[in-house]
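Raw entry_13.cif, mmCIF, C-alpha atoms:
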```cif
data_start
#
loop_
_atom_site.label_atom_id
_atom_site.label_comp_id
_atom_site.auth_asym_id
_atom_site.auth_seq_id
_atom_site.Cartn_x
_atom_site.Cartn_y
_atom_site.Cartn_z
CA MET S 1 -8.95 -30.88 -12.65
CA ALA S 2 -12.42 -30.19 -11.28
CA ALA S 3 -13.27 -27.30 -8.98
CA HIS S 4 -13.16 -27.89 -5.21
CA TYR S 5 -15.05 -26.01 -2.50
CA LEU S 6 -15.10 -25.78 1.27
CA LYS S 7 -18.65 -24.43 1.24
CA ARG S 8 -21.13 -22.35 -0.73
CA VAL S 9 -22.71 -19.26 0.79
CA CYS S 10 -25.27 -16.86 -0.70
CA PRO S 11 -25.60 -13.95 -0.52
CA MET S 12 -22.55 -12.12 0.78
CA ARG S 13 -22.06 -8.68 2.25
CA VAL S 14 -20.05 -6.19 0.22
CA TYR S 15 -19.46 -2.43 0.09
CA HIS S 16 -19.74 -0.47 -3.11
CA LEU S 17 -19.19 3.21 -3.87
CA ASP S 18 -22.41 5.22 -4.04
CA ALA S 19 -21.96 8.74 -5.43
CA GLY S 20 -24.22 11.09 -3.50
CA SER S 21 -24.56 14.87 -3.45
CA SER S 22 -21.83 15.28 -0.81
CA GLY S 23 -19.36 12.82 -2.29
CA SER S 24 -18.86 9.13 -2.93
CA HIS S 25 -19.27 6.84 0.06
CA PRO S 26 -18.86 3.11 0.70
CA VAL S 27 -22.35 1.66 1.16
CA PRO S 28 -23.13 -1.90 2.33
CA VAL S 29 -25.13 -4.10 -0.06
CA GLU S 30 -25.64 -7.78 -0.73
CA ARG S 31 -24.43 -9.65 -3.81
CA PRO S 32 -24.21 -13.30 -4.83
CA VAL S 33 -21.11 -15.12 -3.72
CA PRO S 34 -18.83 -15.44 -6.78
CA THR S 35 -17.80 -18.81 -8.17
CA PRO S 36 -14.20 -19.34 -9.34
CA GLY S 37 -13.65 -20.32 -12.94
CA PRO S 38 -10.69 -22.19 -14.44
CA GLY S 39 -7.39 -20.88 -13.06
CA GLU S 40 -9.11 -18.95 -10.25
CA VAL S 41 -9.57 -19.24 -6.50
CA ARG S 42 -12.19 -17.85 -4.18
CA ILE S 43 -11.00 -16.26 -0.96
CA ARG S 44 -13.02 -15.77 2.20
CA VAL S 45 -11.71 -12.34 3.13
CA VAL S 46 -10.61 -11.92 6.75
CA ALA S 47 -9.04 -8.44 6.65
CA VAL S 48 -8.51 -5.55 4.24
CA SER S 49 -6.44 -2.38 4.57
CA LEU S 50 -6.91 1.14 3.24
CA ASN S 51 -4.52 3.29 1.23
CA PHE S 52 -4.51 6.96 0.23
CA ARG S 53 -5.40 5.76 -3.25
CA ASP S 54 -8.77 4.63 -1.92
CA LEU S 55 -9.66 8.24 -1.07
CA LEU S 56 -8.75 9.26 -4.62
CA VAL S 57 -10.90 6.44 -6.02
CA ALA S 58 -13.87 7.66 -3.99
CA GLU S 59 -13.35 11.19 -5.33
CA SER S 60 -13.16 9.85 -8.87
CA ALA S 61 -16.38 7.90 -8.37
CA HIS S 62 -18.11 11.09 -7.23
CA ALA S 63 -16.82 12.85 -10.36
CA GLY S 64 -18.27 10.09 -12.54
CA GLN S 65 -14.86 8.80 -13.60
CA ILE S 66 -15.44 5.38 -12.02
CA PRO S 67 -18.59 3.31 -12.56
CA HIS S 68 -21.33 3.48 -9.95
CA GLY S 69 -21.28 0.43 -7.69
CA ARG S 70 -17.54 -0.18 -7.86
CA ILE S 71 -16.27 -2.37 -4.99
CA PRO S 72 -13.29 -0.45 -3.54
CA LEU S 73 -9.94 -1.32 -1.89
CA SER S 74 -7.04 -3.35 -3.20
CA ASP S 75 -5.44 -5.06 -0.19
CA ALA S 76 -6.86 -8.26 1.26
CA ALA S 77 -5.84 -11.30 3.28
CA GLY S 78 -7.99 -14.36 3.79
CA ILE S 79 -8.52 -18.09 3.36
CA VAL S 80 -8.84 -20.04 0.12
CA ASP S 81 -12.30 -21.61 0.29
CA ALA S 82 -12.86 -22.62 -3.34
CA VAL S 83 -10.47 -23.67 -6.10
CA GLY S 84 -11.38 -23.51 -9.78
CA GLY S 85 -10.55 -26.08 -12.40
CA GLY S 86 -6.93 -26.56 -13.33
CA VAL S 87 -5.54 -24.96 -10.17
CA ALA S 88 -2.84 -27.00 -8.41
CA SER S 89 -0.83 -24.17 -6.85
CA ARG S 90 -3.26 -23.30 -4.05
CA GLN S 91 -4.98 -25.44 -1.44
CA LEU S 92 -8.31 -25.20 0.34
CA GLY S 93 -7.88 -23.58 3.75
CA GLU S 94 -4.59 -21.86 2.80
CA ARG S 95 -3.88 -18.44 4.29
CA VAL S 96 -3.19 -16.00 1.46
CA MET S 97 -3.02 -12.39 0.32
CA VAL S 98 -3.77 -10.95 -3.11
CA SER S 99 -1.49 -8.97 -5.43
CA PHE S 100 -2.50 -5.38 -6.24
CA PHE S 101 -2.10 -6.03 -10.00
CA PRO S 102 -3.40 -9.58 -10.60
CA ALA S 103 -2.14 -9.41 -14.20
CA TRP S 104 1.41 -8.37 -13.26
CA LEU S 105 3.02 -11.58 -12.07
CA ASP S 106 6.73 -10.87 -12.66
CA GLY S 107 9.14 -9.01 -14.90
CA ALA S 108 8.91 -5.46 -16.22
CA PHE S 109 5.69 -3.47 -16.05
CA ARG S 110 3.49 -3.34 -19.15
CA SER S 111 0.78 -0.77 -19.75
CA HIS S 112 -2.03 -3.31 -20.00
CA TYR S 113 -1.39 -4.43 -16.41
CA MET S 114 -2.88 -1.15 -15.16
CA SER S 115 -6.45 -2.17 -15.92
CA SER S 116 -6.17 -5.13 -13.54
CA ALA S 117 -5.52 -2.92 -10.48
CA LEU S 118 -8.02 -3.98 -7.85
CA GLY S 119 -10.60 -1.46 -6.68
CA GLY S 120 -9.88 1.09 -9.39
CA ALA S 121 -11.35 2.38 -12.61
CA ARG S 122 -11.72 -0.98 -14.36
CA SER S 123 -11.73 -3.71 -11.72
CA ASP S 124 -13.71 -4.36 -8.56
CA GLY S 125 -11.81 -4.48 -5.32
CA VAL S 126 -11.73 -6.55 -2.15
CA LEU S 127 -14.14 -4.92 0.32
CA ALA S 128 -16.37 -7.99 0.38
CA GLU S 129 -16.79 -11.22 2.29
CA TYR S 130 -15.68 -13.27 -0.73
CA ILE S 131 -13.58 -12.44 -3.78
CA VAL S 132 -12.46 -14.41 -6.83
CA VAL S 133 -8.97 -13.80 -8.24
CA PRO S 134 -6.48 -15.59 -10.49
CA ALA S 135 -4.66 -18.28 -8.53
CA ALA S 136 -1.34 -17.03 -9.91
CA ALA S 137 -1.89 -13.65 -8.23
CA VAL S 138 -2.18 -15.13 -4.73
CA VAL S 139 0.73 -15.29 -2.28
CA PRO S 140 0.81 -17.38 0.92
CA ILE S 141 0.92 -15.56 4.25
CA ALA S 142 4.12 -16.30 6.12
CA ALA S 143 3.96 -18.14 9.43
CA GLY S 144 3.95 -15.69 12.31
CA MET S 145 2.09 -12.95 10.45
CA SER S 146 -1.58 -12.36 11.22
CA PHE S 147 -4.32 -11.78 8.65
CA ILE S 148 -4.55 -8.17 9.83
CA GLU S 149 -0.82 -7.63 9.29
CA ALA S 150 -0.78 -9.46 5.95
CA SER S 151 -3.62 -7.29 4.63
CA THR S 152 -1.32 -4.26 4.81
CA LEU S 153 1.39 -5.62 2.48
CA PRO S 154 0.03 -5.72 -1.12
CA CYS S 155 0.06 -1.98 -1.90
CA ALA S 156 2.10 0.01 0.63
CA ALA S 157 4.81 -2.53 1.46
CA VAL S 158 5.23 -3.60 -2.17
CA THR S 159 5.48 0.07 -3.22
CA ALA S 160 8.28 0.69 -0.71
CA TRP S 161 10.06 -2.55 -1.66
CA HIS S 162 9.78 -2.05 -5.42
CA GLY S 163 10.90 1.58 -5.16
CA LEU S 164 13.68 1.43 -2.58
CA VAL S 165 15.08 -2.08 -2.93
CA VAL S 166 14.35 -3.24 -6.48
CA ARG S 167 14.62 0.03 -8.41
CA ALA S 168 16.80 2.31 -6.24
CA GLY S 169 19.14 -0.43 -5.02
CA LEU S 170 18.94 0.39 -1.31
CA GLY S 171 22.18 -0.43 0.51
CA SER S 172 23.97 0.16 3.77
CA GLN S 173 25.74 3.30 2.51
CA ASP S 174 22.53 5.12 1.64
CA THR S 175 20.82 7.98 3.43
CA VAL S 176 17.07 7.90 2.81
CA VAL S 177 14.61 10.77 3.29
CA ILE S 178 11.21 9.39 4.30
CA PRO S 179 8.28 11.83 4.37
CA GLY S 180 5.40 11.15 6.74
CA THR S 181 4.30 8.28 8.95
CA GLY S 182 1.69 6.57 6.78
CA GLY S 183 1.86 3.06 5.41
CA VAL S 184 4.43 3.44 2.63
CA ALA S 185 6.64 5.65 4.83
CA LEU S 186 6.82 3.24 7.76
CA PHE S 187 7.41 0.24 5.52
CA ALA S 188 10.22 2.27 3.92
CA LEU S 189 11.65 3.03 7.36
CA GLN S 190 11.65 -0.63 8.37
CA MET S 191 13.37 -1.63 5.14
CA THR S 192 15.88 1.20 5.40
CA LYS S 193 16.97 0.11 8.87
CA LYS S 194 17.16 -3.60 8.02
CA TYR S 195 19.42 -2.75 5.08
CA GLY S 196 21.69 -0.82 7.46
CA ALA S 197 21.00 2.54 5.81
CA ARG S 198 20.44 5.89 7.51
CA GLY S 199 16.88 7.18 7.69
CA ILE S 200 15.72 10.80 7.97
CA LEU S 201 11.99 11.01 8.69
CA LEU S 202 9.74 14.03 8.12
CA SER S 203 6.51 14.68 10.02
CA SER S 204 4.44 17.62 11.23
CA SER S 205 3.88 15.91 14.60
CA ASP S 206 6.49 15.74 17.35
CA ALA S 207 4.54 12.90 18.95
CA LYS S 208 4.75 10.85 15.75
CA LEU S 209 8.45 11.65 15.42
CA GLU S 210 9.04 10.30 18.92
CA ARG S 211 7.22 7.10 18.03
CA ALA S 212 9.32 6.87 14.87
CA ARG S 213 12.48 7.05 17.00
CA ALA S 214 11.31 3.89 18.73
CA LEU S 215 11.23 2.25 15.29
CA GLY S 216 14.89 3.12 14.80
CA VAL S 217 14.88 6.25 12.66
CA ASP S 218 18.21 8.09 12.79
CA GLU S 219 17.09 11.69 12.32
CA CYS S 220 13.75 13.49 12.61
CA ILE S 221 12.60 16.77 11.09
CA ASN S 222 9.32 18.50 11.95
CA TYR S 223 8.49 20.06 8.59
CA ARG S 224 5.88 22.36 10.12
CA LYS S 225 8.53 23.89 12.38
CA THR S 226 11.15 23.68 9.63
CA PRO S 227 9.32 24.39 6.35
CA ALA S 228 12.58 24.51 4.39
CA TRP S 229 13.38 20.95 5.48
CA GLU S 230 15.61 20.38 2.47
CA HIS S 231 18.22 22.67 4.07
CA GLU S 232 18.09 20.62 7.27
CA VAL S 233 18.64 17.44 5.26
CA LEU S 234 21.71 19.03 3.69
CA ALA S 235 22.96 20.07 7.13
CA LEU S 236 22.47 16.57 8.53
CA THR S 237 24.44 15.10 5.63
CA GLY S 238 27.35 17.54 5.71
CA GLY S 239 26.08 19.34 2.64
CA GLU S 240 26.12 16.20 0.51
CA GLY S 241 22.38 15.48 0.47
CA ALA S 242 20.43 12.23 0.65
CA SER S 243 21.24 9.45 -1.79
CA ILE S 244 17.57 8.36 -1.88
CA VAL S 245 14.52 10.57 -1.40
CA LEU S 246 11.12 8.93 -1.16
CA GLU S 247 8.83 11.41 -2.91
CA LEU S 248 5.29 11.07 -1.55
CA GLY S 249 4.09 14.65 -1.58
CA GLY S 250 3.79 15.67 -5.20
CA ALA S 251 3.30 19.28 -6.19
CA ASP S 252 4.28 20.88 -2.86
CA THR S 253 7.37 18.80 -2.14
CA TYR S 254 8.99 17.78 -5.41
CA GLN S 255 11.37 20.72 -5.67
CA ARG S 256 12.46 20.29 -2.05
CA SER S 257 13.18 16.63 -2.77
CA LEU S 258 15.37 17.65 -5.70
CA ASP S 259 17.11 20.32 -3.67
CA CYS S 260 18.25 17.88 -0.96
CA LEU S 261 19.30 15.10 -3.35
CA ALA S 262 22.93 13.98 -3.38
CA PRO S 263 24.98 13.63 -6.57
CA ALA S 264 24.06 10.38 -8.35
CA GLY S 265 21.06 10.14 -6.02
CA ARG S 266 17.64 8.65 -6.73
CA ILE S 267 14.22 10.17 -6.22
CA VAL S 268 11.67 7.38 -5.78
CA GLN S 269 8.40 8.94 -6.89
CA VAL S 270 5.40 7.10 -5.48
CA GLY S 271 2.86 9.61 -4.19
CA VAL S 272 0.79 12.73 -4.80
CA LEU S 273 -0.41 13.58 -1.28
CA THR S 274 -0.38 17.32 -1.99
CA GLY S 275 -1.77 17.02 -5.49
CA PHE S 276 -0.75 16.47 -9.08
CA GLY S 277 0.99 18.91 -11.41
CA ALA S 278 4.47 19.27 -9.91
CA HIS S 279 6.78 21.56 -11.92
CA PRO S 280 10.31 20.96 -10.58
CA LYS S 281 13.40 22.51 -12.11
CA LEU S 282 14.89 19.45 -13.72
CA ASP S 283 18.19 21.10 -14.63
CA ARG S 284 19.36 20.22 -11.10
CA LEU S 285 18.67 16.56 -11.80
CA GLN S 286 20.94 16.74 -14.80
CA SER S 287 23.73 18.55 -12.98
CA LEU S 288 23.65 15.95 -10.20
CA ASN S 289 23.67 13.04 -12.65
CA ALA S 290 20.73 11.78 -10.61
CA ASP S 291 17.68 9.68 -11.40
CA ILE S 292 13.92 9.76 -10.89
CA VAL S 293 12.33 6.36 -10.42
CA GLY S 294 8.58 6.26 -10.96
CA VAL S 295 6.79 3.50 -9.07
CA THR S 296 3.18 2.30 -9.03
CA VAL S 297 3.04 -0.59 -6.53
CA GLY S 298 4.59 -3.76 -8.02
CA SER S 299 4.18 -7.35 -9.14
CA THR S 300 3.07 -10.57 -7.48
CA ARG S 301 6.76 -11.50 -7.38
CA HIS S 302 7.48 -8.34 -5.38
CA LEU S 303 4.72 -9.22 -2.92
CA LEU S 304 6.27 -12.65 -2.39
CA GLN S 305 9.68 -11.04 -1.85
CA VAL S 306 8.27 -8.63 0.72
CA SER S 307 6.55 -11.45 2.58
CA GLN S 308 9.77 -13.45 2.68
CA PHE S 309 11.79 -10.40 3.80
CA TYR S 310 9.44 -9.69 6.71
CA ALA S 311 9.44 -13.34 7.74
CA GLN S 312 13.24 -13.58 7.51
CA HIS S 313 13.79 -10.55 9.73
CA GLY S 314 10.87 -11.10 12.10
CA LEU S 315 9.34 -7.77 11.10
CA HIS S 316 5.72 -6.78 11.63
CA PRO S 317 3.84 -3.99 9.86
CA VAL S 318 2.86 -0.96 11.93
CA VAL S 319 -0.94 -1.11 12.30
CA ASP S 320 -2.58 2.08 13.53
CA SER S 321 -6.14 0.85 14.04
CA VAL S 322 -8.56 -1.95 13.23
CA PHE S 323 -12.23 -1.29 12.42
CA GLY S 324 -15.09 -3.74 12.12
CA PHE S 325 -16.92 -4.52 8.87
CA ASP S 326 -19.80 -2.32 10.00
CA GLU S 327 -17.36 0.54 10.61
CA VAL S 328 -16.04 1.01 7.07
CA PRO S 329 -17.20 4.68 6.83
CA GLN S 330 -15.37 5.41 10.09
CA ALA S 331 -12.22 3.76 8.72
CA TYR S 332 -12.38 6.02 5.65
CA SER S 333 -12.86 9.07 7.87
CA HIS S 334 -9.92 8.11 10.06
CA LEU S 335 -7.67 7.78 7.02
CA ARG S 336 -8.93 11.09 5.63
CA ASP S 337 -8.21 12.88 8.93
CA LYS S 338 -4.48 12.01 8.62
CA THR S 339 -4.12 11.36 12.34
CA HIS S 340 -3.08 7.75 11.80
CA MET S 341 0.44 6.36 12.07
CA GLY S 342 0.82 3.20 10.05
CA LYS S 343 -1.97 1.21 8.42
CA VAL S 344 -5.74 1.41 8.84
CA VAL S 345 -7.38 -2.03 8.66
CA VAL S 346 -10.93 -3.39 8.47
CA GLN S 347 -11.50 -6.87 9.86
CA ILE S 348 -14.24 -8.56 7.89
CA ALA S 349 -14.36 -12.05 9.38
CA ASP S 350 -13.04 -14.15 12.21
CA PRO S 351 -10.45 -16.54 10.75
CA SER S 352 -12.13 -19.35 12.70
CA GLY S 353 -15.19 -18.88 10.50
CA ALA S 354 -17.40 -16.93 12.88
CA ASP S 355 -19.37 -13.99 11.48
CA LEU S 356 -18.19 -10.63 12.85
CA GLY S 357 -21.17 -8.71 11.48
#
```

Output the structure of this file as structure tokens.
Amino acid sequence: MAAHYLKRVCPMRVYHLDAGSSGSHPVPVERPVPTPGPGEVRIRVVAVSLNFRDLLVAESAHAGQIPHGRIPLSDAAGIVDAVGGGVASRQLGERVMVSFFPAWLDGAFRSHYMSSALGGARSDGVLAEYIVVPAAAVVPIAAGMSFIEASTLPCAAVTAWHGLVVRAGLGSQDTVVIPGTGGVALFALQMTKKYGARGILLSSSDAKLERARALGVDECINYRKTPAWEHEVLALTGGEGASIVLELGGADTYQRSLDCLAPAGRIVQVGVLTGFGAHPKLDRLQSLNADIVGVTVGSTRHLLQVSQFYAQHGLHPVVDSVFGFDEVPQAYSHLRDKTHMGKVVVQIADPSGADLG
């Protein structure tokens, strides 16, 4: 089958990471529009979203651990505008989003999938007007979900789904501790409530906790006012503890997560917001007959499942703010400031085809 195109455009606008004296920053440049090869599609990117990982990638670029000129970000939604040879699964004009690991389509994780992670050490990301990806790693956007909303699913929503639903077996009898109000946390909250489970949310902001109540959370704990929040979790559960703890913090929170875990409970380890190098006392894990589930995002199959779940239940991601393509540095700063609640998005193009630059 020959390649098919809606149009050809050259050059395109793109951001790459430029390591300066004060850190690594996304800088706008121009590059040729890529052409899809056999088994690939080209996507005109409409929206991208940021994750905490993107701040770590920028730090790694500044430290010389990531090549100069790397295109960052992993999460994109857009329109198929070119189809390479041999591709029958995708159509020109189709609304799609891209899997975080293009090489991980389904099944168990394998170590070689890691190098395919978009916007990381070995692969360019999606902060560009056009990207080329394997057709098999593309998932259609469900009817009723906007490009902006769809751009938030590939990393944060898939992480919550893979960790809570696929690996930890989330069910109606569970009590889930959810730290924070960022992307993964709020996706986890939405899933927890739709599965009929009880959610306990942690935040340092009373205002954010009040907003979380509107999303259906059962219990709220201000961890700045209650630093030993693990004791409050035990009190709220009659001393039993939480059956699932979403571990996003890392070094500063791991022991607290263990200390409020119920017998036969599951810690879903997905984040390192307070740094690497946690040293928890694992003897408690053994005495509880509990599990630690390590999760790094998920497969294309998981992304499809998340999309179907949100469509089935009429759910919409919580979007904190939307920046323009010329406001990428401001979007990074907003994420870094940790004042957001939900996802931070950059809109790159008008889905009608108009240039937003």

**Study point:** d(atom CA of Arg224 of chain S, atom CA of Ser333 of chain S) in Å
**Key:**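 These atoms are spaced 23.1 Å apart.
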
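The closest residue to Ala349 of chain S, picked from S:Asp326, S:Asp124, S:Asp283, S:Asp75 and counting only C-alpha atoms, is S:Asp326.
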
Exercise for review: Extract, using only C-alpha atoms, all DNA, RNA and protein residues at most 9 Å from segment 142-147 of chain S, discarding same-chain residues fewer than 3 positions from it, and format them as number ranges by chain.
Suggested key: S: 46-48, 76-78, 95-97, 150-152, 307-308, 310-311, 314-316, 347, 351

**Study point:** Atom-to-atom span, atom CA of Gly171 of chain S and atom CA of Leu215 of chain S, Å
**Key:** 18.6 Å

Exercise for review: Pick out the closest residue to His25 of chain S from this set: S:Leu164, S:Val344, S:Ile71, S:Leu118. Count all atoms listed in the file.
Suggested key: S:Ile71

**Study point:** Among listed residues S:Val27, S:Gly119, S:Ala61, S:Val139, nearest Gln91 of chain S (using only C-alpha atoms)
**Key:**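 Of S:Val27, S:Gly119, S:Ala61, S:Val139, the one nearest Gln91 of chain S is S:Val139, counting only C-alpha atoms.
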
Pick out the residues sitting within 12 Å of Phe109 of chain S, and hand them over as an mmCIF file with C-alpha atoms, keeping the file's coordinate frame; count all atoms listed in the file, and ignore anything fewer than 3 positions along from it in its own chain.
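Final output, saved to around.cif:
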```cif
data_model
loop_
_atom_site.group_PDB
_atom_site.id
_atom_site.type_symbol
_atom_site.label_atom_id
_atom_site.label_comp_id
_atom_site.auth_asym_id
_atom_site.auth_seq_id
_atom_site.Cartn_x
_atom_site.Cartn_y
_atom_site.Cartn_z
ATOM 1 C CA PHE S 101 -2.100 -6.030 -10.000
ATOM 2 C CA ALA S 103 -2.140 -9.410 -14.200
ATOM 3 C CA TRP S 104 1.410 -8.370 -13.260
ATOM 4 C CA LEU S 105 3.020 -11.580 -12.070
ATOM 5 C CA ASP S 106 6.730 -10.870 -12.660
ATOM 6 C CA HIS S 112 -2.030 -3.310 -20.000
ATOM 7 C CA TYR S 113 -1.390 -4.430 -16.410
ATOM 8 C CA MET S 114 -2.880 -1.150 -15.160
ATOM 9 C CA HIS S 162 9.780 -2.050 -5.420
ATOM 10 C CA GLY S 294 8.580 6.260 -10.960
ATOM 11 C CA VAL S 295 6.790 3.500 -9.070
ATOM 12 C CA THR S 296 3.180 2.300 -9.030
ATOM 13 C CA VAL S 297 3.040 -0.590 -6.530
ATOM 14 C CA GLY S 298 4.590 -3.760 -8.020
ATOM 15 C CA SER S 299 4.180 -7.350 -9.140
ATOM 16 C CA THR S 300 3.070 -10.570 -7.480
ATOM 17 C CA ARG S 301 6.760 -11.500 -7.380
ATOM 18 C CA HIS S 302 7.480 -8.340 -5.380
#
```
